[in-house]
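*Asks:* Here you go, this is protein.tsv (TSV, C-alpha atoms and all ligand atoms).
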```
chain	number	residue	atom	x	y	z
A	1	MET	CA	-77.86	153.68	74.47
A	2	LEU	CA	-78.23	156.68	76.77
A	3	LEU	CA	-74.63	156.38	77.70
A	4	LEU	CA	-73.60	156.31	74.06
A	5	THR	CA	-75.61	159.44	73.38
A	6	ALA	CA	-74.01	161.23	76.28
A	7	VAL	CA	-70.53	160.27	75.11
A	8	ALA	CA	-71.29	161.42	71.59
A	9	LEU	CA	-72.55	164.76	72.89
A	10	SER	CA	-69.50	165.35	75.03
A	11	VAL	CA	-67.18	164.53	72.14
A	12	GLN	CA	-69.07	166.99	69.99
A	13	ALA	CA	-68.87	169.66	72.72
A	14	ALA	CA	-65.15	169.11	73.08
A	15	ALA	CA	-64.66	169.44	69.35
A	16	ARG	CA	-66.68	172.63	69.24
A	17	TYR	CA	-64.64	174.25	72.00
A	18	SER	CA	-61.19	173.00	71.17
A	19	ARG	CA	-59.04	175.53	69.42
A	20	PRO	CA	-55.50	175.08	68.26
A	21	THR	CA	-53.00	176.24	70.86
A	22	ASN	CA	-51.39	179.53	69.91
A	23	PRO	CA	-47.65	179.19	70.67
A	24	ALA	CA	-46.92	182.92	70.34
A	25	LEU	CA	-49.67	183.79	72.79
A	26	VAL	CA	-48.51	181.20	75.32
A	27	ALA	CA	-44.92	182.45	74.95
A	28	ARG	CA	-46.05	186.00	75.67
A	29	ALA	CA	-47.97	184.90	78.76
A	30	GLU	CA	-44.92	182.98	79.98
A	31	GLN	CA	-42.70	186.00	79.41
A	32	VAL	CA	-45.00	188.41	81.26
A	33	THR	CA	-45.68	186.15	84.24
A	34	GLY	CA	-42.54	184.04	84.49
A	35	ASP	CA	-44.88	181.03	84.79
A	36	SER	CA	-45.51	178.10	82.52
A	37	PHE	CA	-49.00	176.91	81.65
A	38	PRO	CA	-49.13	173.15	81.16
A	39	VAL	CA	-52.91	172.92	81.71
A	40	VAL	CA	-55.45	174.06	79.13
A	41	THR	CA	-59.17	173.76	79.64
A	42	THR	CA	-62.39	175.61	78.88
A	43	THR	CA	-65.00	177.18	81.12
A	44	PRO	CA	-68.60	175.92	80.82
A	45	GLY	CA	-69.28	179.04	78.72
A	46	GLY	CA	-66.40	178.29	76.34
A	47	VAL	CA	-63.54	180.58	77.45
A	48	THR	CA	-60.15	178.97	76.82
A	49	VAL	CA	-58.16	178.83	80.07
A	50	PHE	CA	-54.43	178.20	80.52
A	51	ALA	CA	-53.20	177.47	84.04
A	52	ARG	CA	-50.39	175.96	86.08
A	53	THR	CA	-52.75	173.43	87.68
A	54	MET	CA	-56.33	172.46	86.87
A	55	PRO	CA	-58.56	175.31	88.11
A	56	ARG	CA	-61.47	174.54	90.42
A	57	ALA	CA	-64.94	174.49	88.88
A	58	ASP	CA	-66.01	177.52	90.91
A	59	PHE	CA	-63.02	179.46	89.60
A	60	LEU	CA	-64.01	178.66	86.01
A	61	ASN	CA	-67.58	179.71	86.80
A	62	ALA	CA	-66.26	183.00	88.22
A	63	ILE	CA	-64.50	183.67	84.90
A	64	ASP	CA	-67.76	183.04	83.04
A	65	ARG	CA	-69.67	185.35	85.40
A	66	GLY	CA	-67.22	188.15	84.69
A	67	PHE	CA	-67.59	187.75	80.94
A	68	ALA	CA	-71.38	187.41	81.20
A	69	ASP	CA	-71.53	190.74	83.06
A	70	LEU	CA	-69.19	192.29	80.50
A	71	PHE	CA	-71.28	191.11	77.55
A	72	THR	CA	-74.46	192.42	79.18
A	73	VAL	CA	-72.90	195.86	79.53
A	74	ALA	CA	-71.47	195.67	76.01
A	75	GLU	CA	-74.85	194.87	74.49
A	76	ARG	CA	-76.39	197.75	76.42
A	77	HIS	CA	-73.96	199.99	74.54
A	78	GLY	CA	-74.86	198.40	71.21
A	79	TYR	CA	-71.52	196.62	70.84
A	80	HIS	CA	-71.61	193.46	68.75
A	81	ASN	CA	-67.99	192.48	68.32
A	82	ARG	CA	-66.24	189.92	70.53
A	83	ILE	CA	-69.20	189.27	72.78
A	84	ARG	CA	-68.93	185.48	72.85
A	85	PHE	CA	-67.14	183.45	75.52
A	86	ALA	CA	-65.26	181.58	72.81
A	87	ASP	CA	-63.62	184.84	71.69
A	88	TYR	CA	-61.55	184.92	74.91
A	89	THR	CA	-58.53	183.25	76.45
A	90	VAL	CA	-57.60	183.66	80.13
A	91	PHE	CA	-54.23	182.78	81.65
A	92	ILE	CA	-54.19	182.11	85.39
A	93	GLY	CA	-50.75	182.96	86.72
A	94	ARG	CA	-49.12	182.54	90.10
A	95	ALA	CA	-49.85	185.47	92.42
A	96	ASP	CA	-46.73	187.56	93.09
A	97	ARG	CA	-48.37	188.95	96.18
A	98	ILE	CA	-51.36	187.75	98.19
A	99	LYS	CA	-52.15	190.89	100.17
A	100	ASP	CA	-52.13	194.54	99.24
A	101	ARG	CA	-50.47	197.34	101.21
A	102	GLU	CA	-53.50	197.54	103.49
A	103	GLY	CA	-53.28	193.82	104.26
A	104	GLN	CA	-56.40	192.94	102.25
A	105	TYR	CA	-56.54	189.64	100.33
A	106	SER	CA	-55.51	190.77	96.86
A	107	PRO	CA	-53.72	188.18	94.71
A	108	ASP	CA	-51.91	190.19	92.06
A	109	ILE	CA	-49.25	189.67	89.45
A	110	ALA	CA	-46.10	191.74	89.05
A	111	VAL	CA	-45.70	193.16	85.56
A	112	PRO	CA	-43.08	195.52	84.07
A	113	ALA	CA	-43.80	199.14	85.06
A	114	GLN	CA	-43.42	200.61	81.53
A	115	GLN	CA	-45.66	203.68	81.38
A	116	TYR	CA	-46.30	203.42	85.12
A	117	ALA	CA	-42.61	204.03	85.93
A	118	GLY	CA	-42.33	206.83	88.48
A	119	THR	CA	-46.03	206.82	89.33
A	120	ASP	CA	-47.54	205.79	92.67
A	121	TYR	CA	-48.00	202.30	91.21
A	122	ASP	CA	-44.27	201.81	90.58
A	123	GLN	CA	-42.70	199.26	92.95
A	124	GLY	CA	-39.22	199.69	91.45
A	125	GLY	CA	-39.50	198.68	87.82
A	126	PHE	CA	-42.69	196.69	88.16
A	127	ILE	CA	-46.27	197.20	89.29
A	128	TYR	CA	-48.77	194.89	90.89
A	129	ALA	CA	-51.81	194.32	88.70
A	130	ALA	CA	-54.98	192.38	89.39
A	131	GLY	CA	-55.19	191.59	85.71
A	132	MET	CA	-53.77	192.61	82.39
A	133	VAL	CA	-54.59	192.42	78.70
A	134	LEU	CA	-52.06	190.13	77.03
A	135	ALA	CA	-53.20	190.16	73.42
A	136	PHE	CA	-55.94	191.48	71.17
A	137	ASN	CA	-56.11	188.71	68.61
A	138	PRO	CA	-57.04	186.36	70.07
A	139	CYS	CA	-58.42	188.38	72.98
A	140	ALA	CA	-56.41	187.31	76.01
A	141	LEU	CA	-56.08	188.32	79.67
A	142	VAL	CA	-53.93	187.23	82.55
A	143	ILE	CA	-55.22	187.09	86.14
A	144	ALA	CA	-53.81	185.62	89.36
A	145	GLU	CA	-54.72	182.39	91.13
A	146	HIS	CA	-57.26	182.87	93.93
A	147	ASP	CA	-58.35	180.36	96.54
A	148	ARG	CA	-61.19	182.58	97.83
A	149	ASP	CA	-62.99	185.84	97.07
A	150	LEU	CA	-63.91	184.56	93.62
A	151	GLY	CA	-66.10	187.60	93.15
A	152	ARG	CA	-62.81	189.43	92.68
A	153	VAL	CA	-61.96	187.06	89.82
A	154	SER	CA	-65.24	187.94	88.12
A	155	ASN	CA	-64.55	191.66	88.60
A	156	VAL	CA	-61.02	191.47	87.21
A	157	VAL	CA	-62.25	189.61	84.14
A	158	ARG	CA	-65.12	192.02	83.64
A	159	PHE	CA	-62.86	195.07	84.10
A	160	GLU	CA	-59.86	194.02	82.02
A	161	GLY	CA	-62.25	192.66	79.40
A	162	GLU	CA	-63.53	196.21	78.97
A	163	HIS	CA	-60.31	197.16	77.20
A	164	LEU	CA	-60.78	194.34	74.69
A	165	ILE	CA	-64.46	195.08	74.10
A	166	LEU	CA	-63.65	198.75	73.54
A	167	TYR	CA	-60.77	197.95	71.22
A	168	TYR	CA	-63.17	196.09	68.92
A	169	ASN	CA	-66.23	198.30	69.32
A	170	ASP	CA	-65.18	201.87	70.14
A	171	ARG	CA	-61.55	202.48	69.26
A	172	ARG	CA	-61.63	206.15	70.32
A	173	LEU	CA	-62.89	205.34	73.80
A	174	TYR	CA	-60.36	202.50	73.93
A	175	GLU	CA	-57.52	204.94	73.18
A	176	ARG	CA	-58.70	207.38	75.84
A	177	THR	CA	-59.06	204.75	78.57
A	178	ALA	CA	-56.35	202.14	77.92
A	179	ASP	CA	-53.59	203.78	79.96
A	180	HIS	CA	-54.44	204.15	83.65
A	181	SER	CA	-51.14	205.90	84.37
A	182	ARG	CA	-52.86	209.00	83.01
A	183	GLY	CA	-55.78	208.53	85.39
A	184	GLY	CA	-59.05	206.67	85.15
A	185	GLY	CA	-59.94	203.15	86.13
A	186	HIS	CA	-62.79	200.67	86.02
A	187	PRO	CA	-65.58	200.28	85.30
A	188	ILE	CA	-65.30	202.30	82.11
A	189	LEU	CA	-68.69	201.12	80.88
A	190	GLN	CA	-71.74	201.30	83.13
B	201	ZN	ZN	-57.64	198.56	82.93
```
Can the structure from this file be put into structure tokens for me?

*Replies:*
Amino acid sequence: MLLLTAVALSVQAAARYSRPTNPALVARAEQVTGDSFPVVTTTPGGVTVFARTMPRADFLNAIDRGFADLFTVAERHGYHNRIRFADYTVFIGRADRIKDREGQYSPDIAVPAQQYAGTDYDQGGFIYAAGMVLAFNPCALVIAEHDRDLGRVSNVVRFEGEHLILYYNDRRLYERTADHSRGGGHPILQ
């Protein structure tokens, strides 16, 4: 009887969190990263996660911690839009580098330079980014696989998530802070 109840609850939870896969979003993530994402899961909080292999539980928890911090800051600013875990999708891509120029552990993804072309960030047509906004609707980010320093995962989620929160809650501040090639960084919101 207990077992039956537990099964029923987990089925209900799965139904609540399952969302239809968005082929256009997945295609964009594949295009940006050069990876494919055969695994889809959710964090305990309800963030949809696409990955190359099943992420560890502590990695999923690190994603939730980043969003929890972001939502706390957002509420402090009186923002009410897109402050639920279920509003977000995170892609975990293969790291294109593991260490930064100083030799510090820094799993990052290479993305097209675009507006960063010719800046200090430019590596010759691409830049290394800890994370990147992929889409606004649904709200989606890409970050790199980490096998340690999961606090960095939380920070990247919290920081890149700022752009999405601002897009939906303060479009003027979003416009002023979206492009780091003109200066500025994170955190934007204290
Ligand atoms: Zn940013």

*Asks:* With distances taken over all atoms listed in the file, which of A:Leu60, A:Cys139, A:Ile127, A:Ile109 is nearest to Tyr167 in chain A?

*Replies:*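 Checking each of A:Leu60, A:Cys139, A:Ile127, A:Ile109 against Tyr167 in chain A, counting all atoms listed in the file, the winner is A:Cys139.
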
*Asks:* Find the residues near Val40 in chain A: any atom within 12 Å, counting only C-alpha atoms, skip ones fewer than 6 places away on the same chain, and give them as a VMD selection string.

*Replies:* chain A and resid 17 to 22 26 47 to 55 60 89 to 92

*Asks:* Show me which residues line ligand ZN 201 (chain B), defined as having an atom within 7 Å of a ligand atom where all atoms listed in the file count, and present them as a list in words.

*Replies:* Phe159, Glu160, His163, Ala178, His180, Gly185 and His186 of chain A

*Asks:* Please measure the separation of CA of Asp58 in chain A and CA of Leu150 in chain A, giving the value in Å to one decimal.

*Replies:*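 Computing the Euclidean distance for CA of Asp58 in chain A and CA of Leu150 in chain A yields 7.8 Å.
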
*Asks:* What's the separation between CA of Gln31 in chain A and CA of Leu134 in chain A, in Å to one decimal place?

*Replies:*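 One can read the CA of Gln31 in chain A to CA of Leu134 in chain A distance as 10.5 Å.
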
*Asks:* Can you pull out the residues contacting Gly124 in chain A? Cut-off 9 Å, using all atoms listed in the file, and skip same-chain residues under 4 positions away; I want them as a list in words.

*Replies:*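 My reading of the contact set: Ala113, Ala117 and Gly118 of chain A.
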
*Asks:* What is the CA of Arg28 in chain A-CA of Ala86 in chain A distance in Å, reported with one decimal?

*Replies:*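 Calculated distance between CA of Arg28 in chain A and CA of Ala86 in chain A is 19.9 Å.
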
*Asks:* For each of A:Ala27, A:Val39, A:Val142, A:Ala135, take the minimum atom-to-atom distance to Leu164 in chain A, counting all atoms listed in the file, then give the residue where this is smallest.

*Replies:*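 Once distances to Leu164 in chain A are computed over all atoms listed in the file, the minimum belongs to A:Ala135.
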
*Asks:* Looking at all atoms listed in the file, which of A:Thr43, A:Asn169, A:Ser36, A:Thr177 is the one that sits closest to Ile83 in chain A?

*Replies:*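 Nearest candidate to Ile83 in chain A out of A:Thr43, A:Asn169, A:Ser36, A:Thr177: A:Asn169.
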
*Asks:* Counting all atoms listed in the file, write as a list in words all protein and nucleic acid residues lying at most 9 Å from (-70.2, 175.9, 78.3) in the file's frame.

*Replies:*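 With a cut-off of 9 Å, the residues come to Ala13, Tyr17, Thr42, Thr43, Pro44, Gly45, Gly46, Val47, Asp64 and Phe85 of chain A.
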
*Asks:* For Ile165 in chain A, which residue out of A:Ala24, A:Asp108, A:Val133, A:Pro38 is the nearest one, using only C-alpha atoms?

*Replies:*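 That would be A:Val133, the residue with the smallest distance to Ile165 in chain A.
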
*Asks:* Fix up range 175-187 of chain A with N, CA and C atoms, then write it as a PDB file, in the frame of the given file.

*Replies:*
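Generated file (selection_10.pdb):
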```pdb
ATOM      1  N   GLU A 175     -58.759 204.148  73.133  1.00  0.00           N
ATOM      2  CA  GLU A 175     -57.520 204.940  73.180  1.00  0.00           C
ATOM      3  C   GLU A 175     -57.498 205.860  74.402  1.00  0.00           C
ATOM      4  N   ARG A 176     -58.646 206.410  74.730  1.00  0.00           N
ATOM      5  CA  ARG A 176     -58.700 207.380  75.840  1.00  0.00           C
ATOM      6  C   ARG A 176     -58.613 206.706  77.202  1.00  0.00           C
ATOM      7  N   THR A 177     -58.926 205.398  77.271  1.00  0.00           N
ATOM      8  CA  THR A 177     -59.060 204.750  78.570  1.00  0.00           C
ATOM      9  C   THR A 177     -58.050 203.616  78.812  1.00  0.00           C
ATOM     10  N   ALA A 178     -57.219 203.320  77.819  1.00  0.00           N
ATOM     11  CA  ALA A 178     -56.350 202.140  77.920  1.00  0.00           C
ATOM     12  C   ALA A 178     -55.241 202.315  78.950  1.00  0.00           C
ATOM     13  N   ASP A 179     -54.772 203.543  79.127  1.00  0.00           N
ATOM     14  CA  ASP A 179     -53.590 203.780  79.960  1.00  0.00           C
ATOM     15  C   ASP A 179     -53.994 204.422  81.280  1.00  0.00           C
ATOM     16  N   HIS A 180     -54.010 203.624  82.362  1.00  0.00           N
ATOM     17  CA  HIS A 180     -54.440 204.150  83.650  1.00  0.00           C
ATOM     18  C   HIS A 180     -53.378 205.012  84.315  1.00  0.00           C
ATOM     19  N   SER A 181     -52.164 205.041  83.765  1.00  0.00           N
ATOM     20  CA  SER A 181     -51.140 205.900  84.370  1.00  0.00           C
ATOM     21  C   SER A 181     -51.494 207.367  84.163  1.00  0.00           C
ATOM     22  N   ARG A 182     -52.419 207.631  83.235  1.00  0.00           N
ATOM     23  CA  ARG A 182     -52.860 209.000  83.010  1.00  0.00           C
ATOM     24  C   ARG A 182     -54.196 209.266  83.718  1.00  0.00           C
ATOM     25  N   GLY A 183     -54.533 208.388  84.648  1.00  0.00           N
ATOM     26  CA  GLY A 183     -55.780 208.530  85.390  1.00  0.00           C
ATOM     27  C   GLY A 183     -56.867 207.636  84.837  1.00  0.00           C
ATOM     28  N   GLY A 184     -57.930 207.509  85.591  1.00  0.00           N
ATOM     29  CA  GLY A 184     -59.050 206.670  85.150  1.00  0.00           C
ATOM     30  C   GLY A 184     -58.874 205.241  85.586  1.00  0.00           C
ATOM     31  N   GLY A 185     -59.986 204.545  85.696  1.00  0.00           N
ATOM     32  CA  GLY A 185     -59.940 203.150  86.130  1.00  0.00           C
ATOM     33  C   GLY A 185     -61.159 202.414  85.622  1.00  0.00           C
ATOM     34  N   HIS A 186     -61.639 201.490  86.423  1.00  0.00           N
ATOM     35  CA  HIS A 186     -62.790 200.670  86.020  1.00  0.00           C
ATOM     36  C   HIS A 186     -63.907 200.779  87.051  1.00  0.00           C
ATOM     37  N   PRO A 187     -65.152 200.580  86.673  1.00  0.00           N
ATOM     38  CA  PRO A 187     -65.580 200.280  85.300  1.00  0.00           C
ATOM     39  C   PRO A 187     -65.535 201.514  84.393  1.00  0.00           C
TER      40      PRO A 187
END
```
